[in-house]
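Chemist: Contents are TSV, C-alpha atoms; file name data_20.tsv:
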chain	number	residue	atom	x	y	z
M	295	MET	CA	-32.63	6.77	0.32
M	296	ALA	CA	-30.51	9.73	-0.74
M	297	GLN	CA	-26.77	9.29	-0.32
M	298	ALA	CA	-25.21	11.58	2.27
M	299	ARG	CA	-23.15	14.34	0.70
M	300	VAL	CA	-19.42	14.04	1.39
M	301	ARG	CA	-18.00	17.32	2.52
M	302	VAL	CA	-14.45	17.97	1.38
M	303	THR	CA	-12.88	20.34	3.88
M	304	ARG	CA	-10.02	22.70	3.24
M	305	ARG	CA	-7.89	20.44	5.45
M	306	HIS	CA	-8.65	17.47	3.20
M	307	LEU	CA	-7.76	19.51	0.13
M	308	ASN	CA	-4.46	20.56	1.70
M	309	GLU	CA	-3.65	16.90	2.39
M	310	GLN	CA	-4.56	15.90	-1.16
M	311	VAL	CA	-2.31	18.58	-2.59
M	312	ALA	CA	0.53	17.54	-0.27
M	313	ALA	CA	0.07	13.92	-1.37
M	314	ILE	CA	0.29	14.88	-5.06
M	315	ILE	CA	3.46	16.92	-4.56
M	316	ARG	CA	4.96	14.25	-2.29
M	317	GLN	CA	4.49	11.60	-4.96
M	318	ARG	CA	6.06	13.81	-7.61
M	319	ILE	CA	9.09	14.28	-5.34
M	320	ILE	CA	9.38	10.56	-4.58
M	321	SER	CA	9.10	9.65	-8.27
M	322	LEU	CA	11.83	12.19	-9.16
M	323	GLU	CA	9.47	14.17	-11.34
M	324	PHE	CA	10.67	16.90	-8.98
M	325	PRO	CA	14.37	16.07	-8.45
M	326	PRO	CA	16.53	17.16	-5.48
M	327	GLY	CA	16.86	20.93	-5.34
M	328	GLU	CA	14.00	21.60	-7.78
M	329	ARG	CA	12.29	24.88	-7.02
M	330	LEU	CA	8.58	24.48	-6.29
M	331	ILE	CA	6.64	27.50	-7.53
M	332	VAL	CA	3.27	27.97	-5.83
M	333	ASP	CA	1.29	29.48	-8.72
M	334	THR	CA	2.68	26.93	-11.20
M	335	LEU	CA	1.70	24.05	-8.91
M	336	ALA	CA	-1.73	25.56	-8.34
M	337	SER	CA	-2.31	25.70	-12.09
M	338	GLU	CA	-1.07	22.15	-12.65
M	339	ILE	CA	-3.16	20.66	-9.81
M	340	ASN	CA	-6.14	22.90	-10.65
M	341	VAL	CA	-6.56	24.41	-7.18
M	342	SER	CA	-6.04	27.85	-5.69
M	343	MET	CA	-2.67	28.85	-4.29
M	344	THR	CA	-3.82	28.58	-0.65
M	345	PRO	CA	-4.01	24.75	-0.47
M	346	VAL	CA	-0.70	24.55	-2.36
M	347	ARG	CA	0.97	26.76	0.24
M	348	GLU	CA	-0.56	24.72	3.06
M	349	GLY	CA	0.44	21.46	1.37
M	350	LEU	CA	4.00	22.69	0.96
M	351	LYS	CA	4.11	23.71	4.63
M	352	GLU	CA	3.12	20.16	5.53
M	353	LEU	CA	5.94	18.79	3.38
M	354	VAL	CA	8.38	21.21	5.03
M	355	SER	CA	7.36	19.77	8.41
M	356	GLU	CA	7.99	16.28	7.00
M	357	GLY	CA	11.44	17.30	5.84
M	358	LEU	CA	10.80	16.65	2.15
M	359	VAL	CA	10.67	20.32	1.14
M	360	SER	CA	12.95	23.19	2.18
M	361	TYR	CA	11.81	26.79	2.68
M	362	ASN	CA	14.25	29.69	2.92
M	363	GLY	CA	11.69	32.36	3.78
M	364	LYS	CA	11.08	33.25	0.14
M	365	SER	CA	10.78	30.08	-1.92
M	366	TYR	CA	10.23	26.33	-1.64
M	367	SER	CA	12.48	23.63	-3.08
M	368	VAL	CA	12.85	19.87	-2.91
M	369	PHE	CA	15.06	18.59	-0.09
M	370	ASN	CA	18.62	18.39	-1.43
M	371	PRO	CA	21.09	17.47	1.31
M	372	SER	CA	24.86	17.66	1.17
M	373	ARG	CA	27.02	14.76	2.24
M	374	ALA	CA	27.59	16.43	5.63
M	375	GLU	CA	23.84	16.99	6.10
M	376	ILE	CA	23.10	13.31	5.44
M	377	GLU	CA	25.72	12.35	8.03
M	378	ASP	CA	24.11	14.74	10.53
M	379	ILE	CA	20.64	13.32	9.81
M	380	PHE	CA	21.84	9.80	10.52
M	381	ARG	CA	23.76	10.84	13.62
M	382	ILE	CA	20.73	12.53	15.17
M	383	ARG	CA	18.26	9.87	14.00
M	384	THR	CA	20.42	7.09	15.45
M	385	ALA	CA	20.59	8.74	18.86
M	386	LEU	CA	16.84	9.35	18.97
M	387	GLU	CA	15.81	5.92	17.70
M	388	GLN	CA	18.08	4.21	20.21
M	389	LEU	CA	16.01	5.88	22.92
M	390	ALA	CA	12.78	4.98	21.10
M	391	VAL	CA	13.62	1.27	20.80
M	392	VAL	CA	14.46	1.00	24.51
M	393	GLN	CA	11.13	2.60	25.41
M	394	ALA	CA	9.27	0.47	22.85
M	395	THR	CA	10.86	-2.71	24.22
M	396	GLY	CA	9.54	-1.83	27.64
M	397	SER	CA	6.01	-1.11	26.40
M	398	MET	CA	5.40	-3.92	23.86
M	399	SER	CA	4.22	-7.37	24.88
M	400	ALA	CA	5.73	-10.53	23.39
M	401	ASP	CA	2.48	-11.01	21.44
M	402	GLU	CA	2.71	-7.51	19.97
M	403	VAL	CA	6.31	-8.05	18.92
M	404	GLY	CA	5.33	-11.43	17.45
M	405	LYS	CA	2.55	-9.84	15.41
M	406	LEU	CA	4.94	-7.16	14.16
M	407	ARG	CA	7.43	-9.87	13.15
M	408	GLU	CA	4.68	-11.74	11.30
M	409	ASP	CA	3.60	-8.59	9.46
M	410	TYR	CA	7.19	-7.76	8.62
M	411	LEU	CA	7.93	-11.21	7.19
M	412	GLN	CA	4.79	-11.00	5.08
M	413	SER	CA	5.75	-7.57	3.73
M	414	SER	CA	9.40	-8.34	3.05
M	415	GLY	CA	9.37	-11.97	1.92
M	416	GLY	CA	9.24	-13.53	-1.53
M	417	GLY	CA	11.52	-12.78	-4.44
M	418	THR	CA	13.39	-9.53	-4.94
M	419	PRO	CA	11.24	-6.69	-3.56
M	420	SER	CA	10.86	-3.42	-5.43
M	421	ILE	CA	12.31	-0.23	-4.00
M	422	ASP	CA	8.81	0.74	-2.83
M	423	ALA	CA	8.40	-2.62	-1.09
M	424	GLN	CA	11.81	-2.28	0.56
M	425	ILE	CA	10.92	1.15	1.91
M	426	ALA	CA	7.48	-0.05	3.04
M	427	SER	CA	8.90	-2.96	5.05
M	428	ASP	CA	11.51	-0.65	6.59
M	429	ARG	CA	8.76	1.79	7.53
M	430	LEU	CA	6.77	-0.99	9.16
M	431	ILE	CA	9.55	-1.71	11.66
M	432	HIS	CA	10.66	1.85	12.40
M	433	ASP	CA	7.14	3.31	12.55
M	434	ALA	CA	6.19	0.61	15.08
M	435	ILE	CA	9.23	1.33	17.22
M	436	CYS	CA	8.39	5.05	17.30
M	437	ARG	CA	4.71	4.45	17.94
M	438	HIS	CA	5.30	2.02	20.80
M	439	SER	CA	7.81	4.32	22.46
M	440	ARG	CA	4.64	6.06	23.70
M	441	ASN	CA	6.58	9.32	23.50
M	442	GLU	CA	4.90	11.87	21.24
M	443	ARG	CA	7.65	14.46	21.53
M	444	LEU	CA	10.27	11.89	20.58
M	445	GLN	CA	8.12	10.76	17.64
M	446	SER	CA	7.80	14.32	16.35
M	447	LEU	CA	11.59	14.71	16.38
M	448	ILE	CA	12.29	11.39	14.66
M	449	LYS	CA	9.63	11.52	11.94
M	450	PRO	CA	11.15	14.18	9.61
M	451	LEU	CA	14.58	12.53	9.91
M	452	GLN	CA	13.06	9.19	8.90
M	453	GLU	CA	11.21	10.75	5.96
M	454	GLN	CA	14.39	12.41	4.72
M	455	THR	CA	16.33	9.15	5.04
M	456	TRP	CA	13.69	7.14	3.18
M	457	LEU	CA	13.57	9.74	0.41
M	458	VAL	CA	17.34	9.64	-0.08
M	459	LYS	CA	17.27	5.82	-0.02
M	460	ARG	CA	14.53	5.77	-2.63
M	461	TRP	CA	16.56	8.07	-4.88
M	462	LEU	CA	19.88	6.29	-4.46
M	463	TYR	CA	18.73	2.67	-4.39
M	464	THR	CA	17.35	3.04	-7.90
M	465	GLN	CA	20.96	3.33	-9.07
M	466	THR	CA	22.26	0.00	-7.77
M	467	ASP	CA	21.48	-3.65	-7.06
M	468	THR	CA	20.38	-3.71	-3.41
M	469	GLY	CA	19.82	-7.45	-3.08
M	470	GLU	CA	22.80	-8.14	-0.81
M	471	LEU	CA	22.16	-5.00	1.25
M	472	MET	CA	18.49	-5.89	1.72
M	473	SER	CA	19.49	-9.33	3.02
M	474	VAL	CA	21.68	-7.72	5.68
M	475	ILE	CA	18.99	-5.19	6.60
M	476	ASN	CA	16.35	-7.93	6.82
M	477	ASP	CA	18.54	-9.92	9.24
M	478	GLU	CA	19.11	-6.82	11.35
M	479	HIS	CA	15.38	-6.07	11.53
M	480	LEU	CA	14.64	-9.61	12.68
M	481	THR	CA	17.40	-9.44	15.30
M	482	ILE	CA	15.99	-6.18	16.65
M	483	LEU	CA	12.61	-7.88	17.01
M	484	GLU	CA	14.20	-10.88	18.74
M	485	ARG	CA	15.81	-8.59	21.31
M	486	MET	CA	12.54	-6.74	21.82
M	487	ALA	CA	10.59	-9.98	22.29
M	488	ALA	CA	13.12	-11.01	24.94
M	489	GLN	CA	12.62	-7.63	26.69
M	490	ASP	CA	16.30	-6.91	26.09
M	491	GLY	CA	16.25	-3.13	25.69
M	492	PRO	CA	20.05	-2.63	25.65
M	493	GLY	CA	20.43	-5.47	23.14
M	494	ALA	CA	17.74	-3.99	20.85
M	495	GLU	CA	19.42	-0.60	21.17
M	496	GLU	CA	22.81	-1.98	20.14
M	497	VAL	CA	21.44	-3.85	17.11
M	498	LEU	CA	19.39	-0.84	15.99
M	499	LYS	CA	22.48	1.37	16.20
M	500	ARG	CA	24.41	-1.09	14.03
M	501	HIS	CA	21.45	-1.30	11.66
M	502	LEU	CA	21.30	2.46	11.11
M	503	ILE	CA	25.06	2.58	10.60
M	504	THR	CA	24.63	-0.08	7.89
M	505	GLY	CA	22.09	2.15	6.15
M	506	GLN	CA	24.29	5.22	6.47
M	507	GLU	CA	27.34	3.46	5.04
M	508	ALA	CA	25.32	2.18	2.07
M	509	ILE	CA	24.01	5.65	1.29
M	510	MET	CA	27.39	7.33	1.64
M	511	LYS	CA	28.93	4.74	-0.67
M	512	LEU	CA	26.42	5.73	-3.36
M	513	PHE	CA	26.72	9.47	-2.72
M	514	ARG	CA	29.45	10.38	-5.20
M	515	ASP	CA	31.05	13.72	-6.04
M	516	GLY	CA	28.63	15.71	-3.91
M	517	ASN	CA	25.60	14.65	-5.97
M	518	LEU	CA	22.58	12.60	-4.94
M	519	LEU	CA	21.85	11.48	-8.48
M	520	GLN	CA	24.27	10.54	-11.26
Give the structure from this file in structure tokens form.

Modeler:
Amino acid sequence: MAQARVRVTRRHLNEQVAAIIRQRIISLEFPPGERLIVDTLASEINVSMTPVREGLKELVSEGLVSYNGKSYSVFNPSRAEIEDIFRIRTALEQLAVVQATGSMSADEVGKLREDYLQSSGGGTPSIDAQIASDRLIHDAICRHSRNERLQSLIKPLQEQTWLVKRWLYTQTDTGELMSVINDEHLTILERMAAQDGPGAEEVLKRHLITGQEAIMKLFRDGNLLQ
């Protein structure tokens, strides 16, 4: 029996190109502020310029790439911009966790806790593992808020925060910080399991302040990377 032919659509190609560029940003092959030139990227990835432009637009919507109307560049926030990102993200995620607490059953929270412990436990996790376990919690909170408009507002702020964390955490020992963050995640889940929306909101606020303070401590002399 002949195998069905897989059709690669333009949309799939755009996503593949975005994934390639995203990984090069995360890995610091493209550092903060690096200009992203469409025809150069098209040549390197071996595609036409159209999927590169579409892929870059997707990364702009994610907050990982900036566009000034003429050119694209890697997200490169100032100290003040990082503070604004955290301020807005904290306000929005406080709303999300209250809504998620009201919508999730105790069994769903228990399963999330189990998945989180499995992803975050054992030895000293890599930066990628730390980000992945953080994503697990915060993605679930957004998803279970059942509020698509709220999710669309939070998502680029989360992506920008995770990108900055990935860049900065490579410069320091995060063991003690990760222990604090792990405890805060588990406490958020405890409050959610108890259907304590205000309690979950308060712990999540403190948790995001912990992350902001850690980042600002590492952000020296107006530079993301030393």

Chemist: Quick check, in Å to one decimal: how far apart do atom CA of M:Gln454 and atom CA of M:Lys499 lie?

Modeler: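 Taking atom CA of M:Gln454 as the start and atom CA of M:Lys499 as the end point, the length is 17.9 Å.
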
Chemist: Considering all atoms listed in the file, give me a table of residues in stretch 449-471 of chain M that are at most 12 Å from stretch 506-515 of chain M, with the closest atom pair and distance in Å for each, as JSON lines.

Modeler:
{"residue": "M:Thr455", "atom": "CA", "partner": "M:Gln506", "partner_atom": "CA", "distance": 9.0}
{"residue": "M:Trp456", "atom": "CA", "partner": "M:Ile509", "partner_atom": "CA", "distance": 10.6}
{"residue": "M:Leu457", "atom": "CA", "partner": "M:Ile509", "partner_atom": "CA", "distance": 11.2}
{"residue": "M:Val458", "atom": "CA", "partner": "M:Ile509", "partner_atom": "CA", "distance": 7.9}
{"residue": "M:Lys459", "atom": "CA", "partner": "M:Ile509", "partner_atom": "CA", "distance": 6.9}
{"residue": "M:Arg460", "atom": "CA", "partner": "M:Ile509", "partner_atom": "CA", "distance": 10.3}
{"residue": "M:Trp461", "atom": "CA", "partner": "M:Ile509", "partner_atom": "CA", "distance": 10.0}
{"residue": "M:Leu462", "atom": "CA", "partner": "M:Leu512", "partner_atom": "CA", "distance": 6.7}
{"residue": "M:Tyr463", "atom": "CA", "partner": "M:Ile509", "partner_atom": "CA", "distance": 8.3}
{"residue": "M:Thr464", "atom": "CA", "partner": "M:Leu512", "partner_atom": "CA", "distance": 10.5}
{"residue": "M:Gln465", "atom": "CA", "partner": "M:Leu512", "partner_atom": "CA", "distance": 8.3}
{"residue": "M:Thr466", "atom": "CA", "partner": "M:Leu512", "partner_atom": "CA", "distance": 8.3}
{"residue": "M:Asp467", "atom": "CA", "partner": "M:Leu512", "partner_atom": "CA", "distance": 11.2}
{"residue": "M:Thr468", "atom": "CA", "partner": "M:Ala508", "partner_atom": "CA", "distance": 9.4}
{"residue": "M:Glu470", "atom": "CA", "partner": "M:Ala508", "partner_atom": "CA", "distance": 11.0}
{"residue": "M:Leu471", "atom": "CA", "partner": "M:Ala508", "partner_atom": "CA", "distance": 7.9}

Chemist: Pull the neighbourhood of (14.7, 25.5, -8.9) for me: all residues within 10 Å in file coordinates, counting only C-alpha atoms, as a VMD selection string.

Modeler: chain M and resid 324 to 331 365 to 368

Chemist: Just to be explicit: take each residue in the selection above, keep C-alpha atoms, and write the result as a PDB file, in the coordinates of the input.

Modeler:
ATOM      1  CA  PHE M 324      10.670  16.900  -8.980  1.00  0.00           C
ATOM      2  CA  PRO M 325      14.370  16.070  -8.450  1.00  0.00           C
ATOM      3  CA  PRO M 326      16.530  17.160  -5.480  1.00  0.00           C
ATOM      4  CA  GLY M 327      16.860  20.930  -5.340  1.00  0.00           C
ATOM      5  CA  GLU M 328      14.000  21.600  -7.780  1.00  0.00           C
ATOM      6  CA  ARG M 329      12.290  24.880  -7.020  1.00  0.00           C
ATOM      7  CA  LEU M 330       8.580  24.480  -6.290  1.00  0.00           C
ATOM      8  CA  ILE M 331       6.640  27.500  -7.530  1.00  0.00           C
ATOM      9  CA  SER M 365      10.780  30.080  -1.920  1.00  0.00           C
ATOM     10  CA  TYR M 366      10.230  26.330  -1.640  1.00  0.00           C
ATOM     11  CA  SER M 367      12.480  23.630  -3.080  1.00  0.00           C
ATOM     12  CA  VAL M 368      12.850  19.870  -2.910  1.00  0.00           C
TER      13      VAL M 368
END

Chemist: Might you pull out every residue within 9 Å of M:Pro492, with all atoms listed in the file counted and same-chain residues fewer than 5 positions away left off, and present them as a PyMOL selection string?

Modeler: chain M and resi 388+391-392+485+497

Chemist: Find the spatial neighbours of M:Ala336, counting all atoms listed in the file, within a cut-off of 12 Å - ignore same-chain residues fewer than 3 positions away - and output them as JSON, numbers by chain.

Modeler: {"M": [308, 311, 312, 314, 315, 330, 331, 332, 333, 339, 340, 341, 342, 343, 344, 345, 346, 347, 348, 349, 350]}

Chemist: Can I get the selection written as a JSON list (two decimals), in the coordinates of the input, with C-alpha atoms?

Modeler:
[["chain", "number", "residue", "atom", "x", "y", "z"],
["M", 308, "ASN", "CA", -4.46, 20.56, 1.70],
["M", 311, "VAL", "CA", -2.31, 18.58, -2.59],
["M", 312, "ALA", "CA", 0.53, 17.54, -0.27],
["M", 314, "ILE", "CA", 0.29, 14.88, -5.06],
["M", 315, "ILE", "CA", 3.46, 16.92, -4.56],
["M", 330, "LEU", "CA", 8.58, 24.48, -6.29],
["M", 331, "ILE", "CA", 6.64, 27.50, -7.53],
["M", 332, "VAL", "CA", 3.27, 27.97, -5.83],
["M", 333, "ASP", "CA", 1.29, 29.48, -8.72],
["M", 339, "ILE", "CA", -3.16, 20.66, -9.81],
["M", 340, "ASN", "CA", -6.14, 22.90, -10.65],
["M", 341, "VAL", "CA", -6.56, 24.41, -7.18],
["M", 342, "SER", "CA", -6.04, 27.85, -5.69],
["M", 343, "MET", "CA", -2.67, 28.85, -4.29],
["M", 344, "THR", "CA", -3.82, 28.58, -0.65],
["M", 345, "PRO", "CA", -4.01, 24.75, -0.47],
["M", 346, "VAL", "CA", -0.70, 24.55, -2.36],
["M", 347, "ARG", "CA", 0.97, 26.76, 0.24],
["M", 348, "GLU", "CA", -0.56, 24.72, 3.06],
["M", 349, "GLY", "CA", 0.44, 21.46, 1.37],
["M", 350, "LEU", "CA", 4.00, 22.69, 0.96]]

Chemist: Contacts of M:Arg429 at 12 Å or less, counting all atoms listed in the file, minus same-chain residues fewer than 2 places along, as an MDAnalysis selection string?

Modeler: chainID M and resid 406 409:410 413:414 422:427 431:437 449 452:453 455:457 479

Chemist: State, in Å with one decimal place, the distance from atom CA of M:Leu502 to atom CA of M:Ser446.

Modeler: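 We find that atom CA of M:Leu502 and atom CA of M:Ser446 lie 18.7 Å from each other.
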
Chemist: Calculated over all atoms listed in the file, which of the candidates M:Pro450, M:Pro371, M:Pro419, M:Gly404 has the smallest distance to M:Gly357?

Modeler: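 Looking only at the distances to M:Gly357, the closest residue turns out to be M:Pro450.
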
Chemist: So what do you get for atom CA of M:Gly505 versus atom CA of M:Ala313, distance-wise?

Modeler: 26.1 Å

Chemist: Between M:Glu387, M:Asp428, M:Asp477, M:Asp490, which has the minimum distance to M:Leu444 (counting only C-alpha atoms)?

Modeler: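 Ranking M:Glu387, M:Asp428, M:Asp477, M:Asp490 by distance to M:Leu444, first place goes to M:Glu387.
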
Chemist: Taking all atoms listed in the file into account, which of M:Asn370, M:Ser337, M:Gln445, M:Ser420 comes nearest M:Leu386?

Modeler: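 Comparing M:Asn370, M:Ser337, M:Gln445, M:Ser420 against M:Leu386, the winner is M:Gln445.
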
Chemist: Considering only C-alpha atoms, state which residue in the set M:Thr481, M:Met486, M:Leu451, M:Lys405 is at the smallest distance from M:Phe380.

Modeler: M:Leu451
